[in-house]
Amino acid sequence: MCGIAGAVWSCPEAAVERATLQRMTESLSHRGPDDQGIAYHAWSPSLPNQQGHGWGLGFRRLSIIDLATGHQPMSNEDDSIHIVFNGEIYNYHELRRRLEGSGHRFKTESDTETIVHLYEDLDTDCFAHLNGMFAIAIWDGRKQRLILARDRMGEKPLFYCEQSHRISFASELKALMLLPGFRPPIDPGAIDLFLTYQYVPHPFSIYQGVRKLEPGHFLVFEGNHAQTRPFWNVDWSAEEPMSYRDAQDSVKSLLDDAVRLRLRSDVPLGAFLSGGIDSSLIVALAQKHLPHPIQTFSIGFPVKDYDETRFARLVANHIGSKHREFEVSPDAVSILDQLAYHYDEPFGDSSAIPTWYLSKLTRNEVTVALSGDGGDELFAGYDRYRAVWLSQRLQSVLPLNKLLPVRLIQRLPSSDRQRSLLRRVKRFVEALDQPIAKRYLNWIQIFSEASRISLYREDFIEQLPNRDPVDFLVTAWNRALHRDIITRASLADMQTYIPCDLMTKVDIASMAHSLEVRQPFLDFRLVELSIRMPSQWKFHRQTGKRILRETFANLLPSSIWRRPKMGFGVPLAEWFKGPLRATTESLLLDTAARCHQFFRREAIENLMQEHLANRSNHAYRLWNLVMLEQWLRQWTN
């Protein structure tokens, strides 16, 4: 796992100095503390009938595979192609055997060199053959072009910026900010998107002119022009008829193989274990392939509604892992600065807090950790899938949103409890009278359109672009036309929530502590099977993950399969009435608050008063405002 940065330019005025590239690379040292490298060639108009290019590639390495000879940047035999690469290619052994059979000579044992030779043979078609998580930059000196590529599920980040006669890229925004004179303005539309989703979705970033390469896409910069294209052309709308037995056989073999491949490591490896179905299943499968007890790690909290350690302990004892529990009292105030610095742009998923602590403590023991991310989206595990199914059934019979009891439920006081029935019922009924895609957005969004408009200053509203934040979700939703409602919701999450929220959260929190996290559920073969699978094999009798429960029943204690889903969160609602209250007031209500350039102070104050009086639970809205303000103070003048 690594950090990469670089640039390509076509005239001396646009050159990035070697010292600048060095600083950009060093800013990513937390992603790769073990090694660094620079490949640099100044601009030269040496090619006949066309302009030459200057280029530079920077690399920071976290050594995982081929500790002795995996140094980057790496090149092919004649040094005409150079690469920097962040991630892991899990099928590189299989690819290497094929490439050696076609005559390629390898100098290392690394997965990186496999990509170089595969590109020589297949050009940009090579990315479709990679099974892994990756952000790749290739300089092709023969064709005088830069190629960037990002894995299918967005596990690894990659930002880029086109300027006059130059393109720059990096694993994190902080590296681009070191380019001389690089001070792009904040994108008002990105703030609107952030308050909707709690993240800034691809291809946008918080800055105008800086973009995220979309998952499953590659970019070619040639002749001072960049063009992006998909290399993963999955059909989200196609359902494949398959028997339940065949589906079970496929899930069993693919998930087992995905785990097996992700156990390849030359450094100590362990696994996150929450005690939920997904992480428990990954750990149980991993243990089958290991000759020694796998190391497992869980984090506990003093608030019972948020503590799962008893379930993790049960699983660890069942499979015989070498288990470590970390009990912490999360102090959001003490890590606000660190979160804002490492996430680079506003990021409002509060589960970044426990992920941060878990990554920090796990890194003391291992360098690589498996996780269960993706299981809920692939196999319909979230409560909101049941809600969208139930709302569709109810609305087809009776417009319940018009009934008096429903309107009364909406006015009841809020609850701070994580699994409060009233809290869930209120969220459910608030969305009943909306079209299905917007109804789903209502259950996942932070600020509704009406609440955002009431928050914004008039002059900020005038700056907003002519695009609707809901379009990001609706576009993903509509790629699964003619599928059932459960499938459309889960496939939309695969395209939006997984890459933009889950993977961003895990990548940044783990790499801030030089820990590599691998997600077997996101093996693209398993993802593609899930996309094709009929929903009745996943969602049955209002319960998700049917196929996992019935295929792997004997691997885990029955109580784990029956336990309610808790989620990985922190007691935000209580914090804003206690330890976070003073900090929130000083951040958001101070006369010098940066966010007041966008928002009305009285609207923020009203949110806080309603929350403190239990009239509404605004915890997630307040947390997103706090993270935005903290980011503004960290990254803007």
# chains A, B, ... in the order shown; residues from 1 in each chain; ligands from 1
>>> select_by_dssp(residues="stretch 83-267 of chain A", states="alpha helix (DSSP H)", output="MDAnalysis selection string")
chainID A and resid 92:101 111:122 173:176 188:197 244:261
>>> residues_around(residues="A:Val315", least_positions_apart="5", cutoff="12 Å", atoms="only C-alpha atoms", output="VMD selection string")
chain A and resid 272 to 284 287 296 to 298 308 to 310 320 to 323 555 to 561
>>> closest_atom_pairs(of="stretch 185-296 of chain A", to="stretch 161-173 of chain A", cutoff="8 Å", atoms="only C-alpha atoms", output="tab-separated table")
residue	atom	partner	partner_atom	distance
A:Gly209	CA	A:Cys161	CA	6.2
A:Val210	CA	A:Cys161	CA	4.7
A:Arg211	CA	A:Cys161	CA	6.3
A:Phe221	CA	A:Ile167	CA	7.7
A:Asn224	CA	A:His165	CA	5.7
A:Ala226	CA	A:Glu162	CA	7.9
>>> closest_residue(among="A:Ile319, A:Ala603, A:Leu632, A:Ala512", to="A:His30", atoms="only C-alpha atoms")
A:Ala512
>>> atom_distance(atom1="atom CA of A:Thr636", atom2="atom CA of A:Asp590")
17.0 Å
>>> residues_around(residues="stretch 336-350 of chain A", least_positions_apart="4", cutoff="8 Å", atoms="only C-alpha atoms", output="ChimeraX atom specification")
/A:172-174,194,198-200,205-206,332,501,505,508-509,512,569-570,572,620,623-624,627-628,630-631,634-635
>>> closest_residue(among="A:Arg452, A:Arg262, A:His596, A:His513", to="A:Arg621", atoms="only C-alpha atoms")
A:Arg452
>>> select_by_dssp(residues="stretch 59-103 of chain A", states="strand (DSSP E)", output="list in words")
Phe59, Arg60, Arg61, Met74, Ser75, Ile81, His82, Ile83, Val84, Phe85, Asn86, Gly87, Glu88 and Ile89 of chain A
>>> residues_around(residues="stretch 19-29 of chain A", least_positions_apart="6", cutoff="7 Å", atoms="only C-alpha atoms", output="NGL selection string")
:A and (3-6 or 58-60 or 175-176 or 178-179)
>>> write_last_selection(atoms="C-alpha atoms", output="PDB file, in the first residue's frame")
ATOM      1  CA  GLY A   3       0.979   6.933  -1.941  1.00  0.00           C
ATOM      2  CA  ILE A   4       1.591   8.244  -5.438  1.00  0.00           C
ATOM      3  CA  ALA A   5       1.927  11.694  -6.971  1.00  0.00           C
ATOM      4  CA  GLY A   6       3.114  13.138 -10.249  1.00  0.00           C
ATOM      5  CA  GLY A  58       6.660  10.139  -7.041  1.00  0.00           C
ATOM      6  CA  PHE A  59       6.128   7.189  -4.740  1.00  0.00           C
ATOM      7  CA  ARG A  60       5.933   6.354  -1.035  1.00  0.00           C
ATOM      8  CA  ALA A 175      -0.120  16.606  -2.249  1.00  0.00           C
ATOM      9  CA  LEU A 176      -1.701  18.696  -5.029  1.00  0.00           C
ATOM     10  CA  LEU A 178       1.870  21.822  -2.644  1.00  0.00           C
ATOM     11  CA  LEU A 179       2.026  22.823  -6.309  1.00  0.00           C
TER      12      LEU A 179
END
>>> residues_around(residues="A:Tyr440", least_positions_apart="4", cutoff="9 Å", atoms="only C-alpha atoms", output="list in words")
Arg384, Tyr385, Ala387, Val388, Ala431, Gln434, Pro435, Ile436, Ile444, Gln445 and Ala489 of chain A
>>> write_last_selection(atoms="C-alpha atoms", output="compact mmCIF listing (two decimals), in the first residue's frame")
# COMPACT_ATOMS: atom_id res chain seq x y z
CA ARG A 384 -33.12 0.55 4.79
CA TYR A 385 -33.55 -2.13 2.12
CA ALA A 387 -37.77 -0.11 4.55
CA VAL A 388 -37.77 0.57 0.82
CA ALA A 431 -40.40 9.70 2.94
CA GLN A 434 -41.95 10.72 -2.55
CA PRO A 435 -40.91 8.94 -5.79
CA ILE A 436 -38.98 5.81 -4.98
CA ILE A 444 -29.72 8.19 3.57
CA GLN A 445 -29.30 11.95 3.15
CA ALA A 489 -31.36 0.17 -3.87
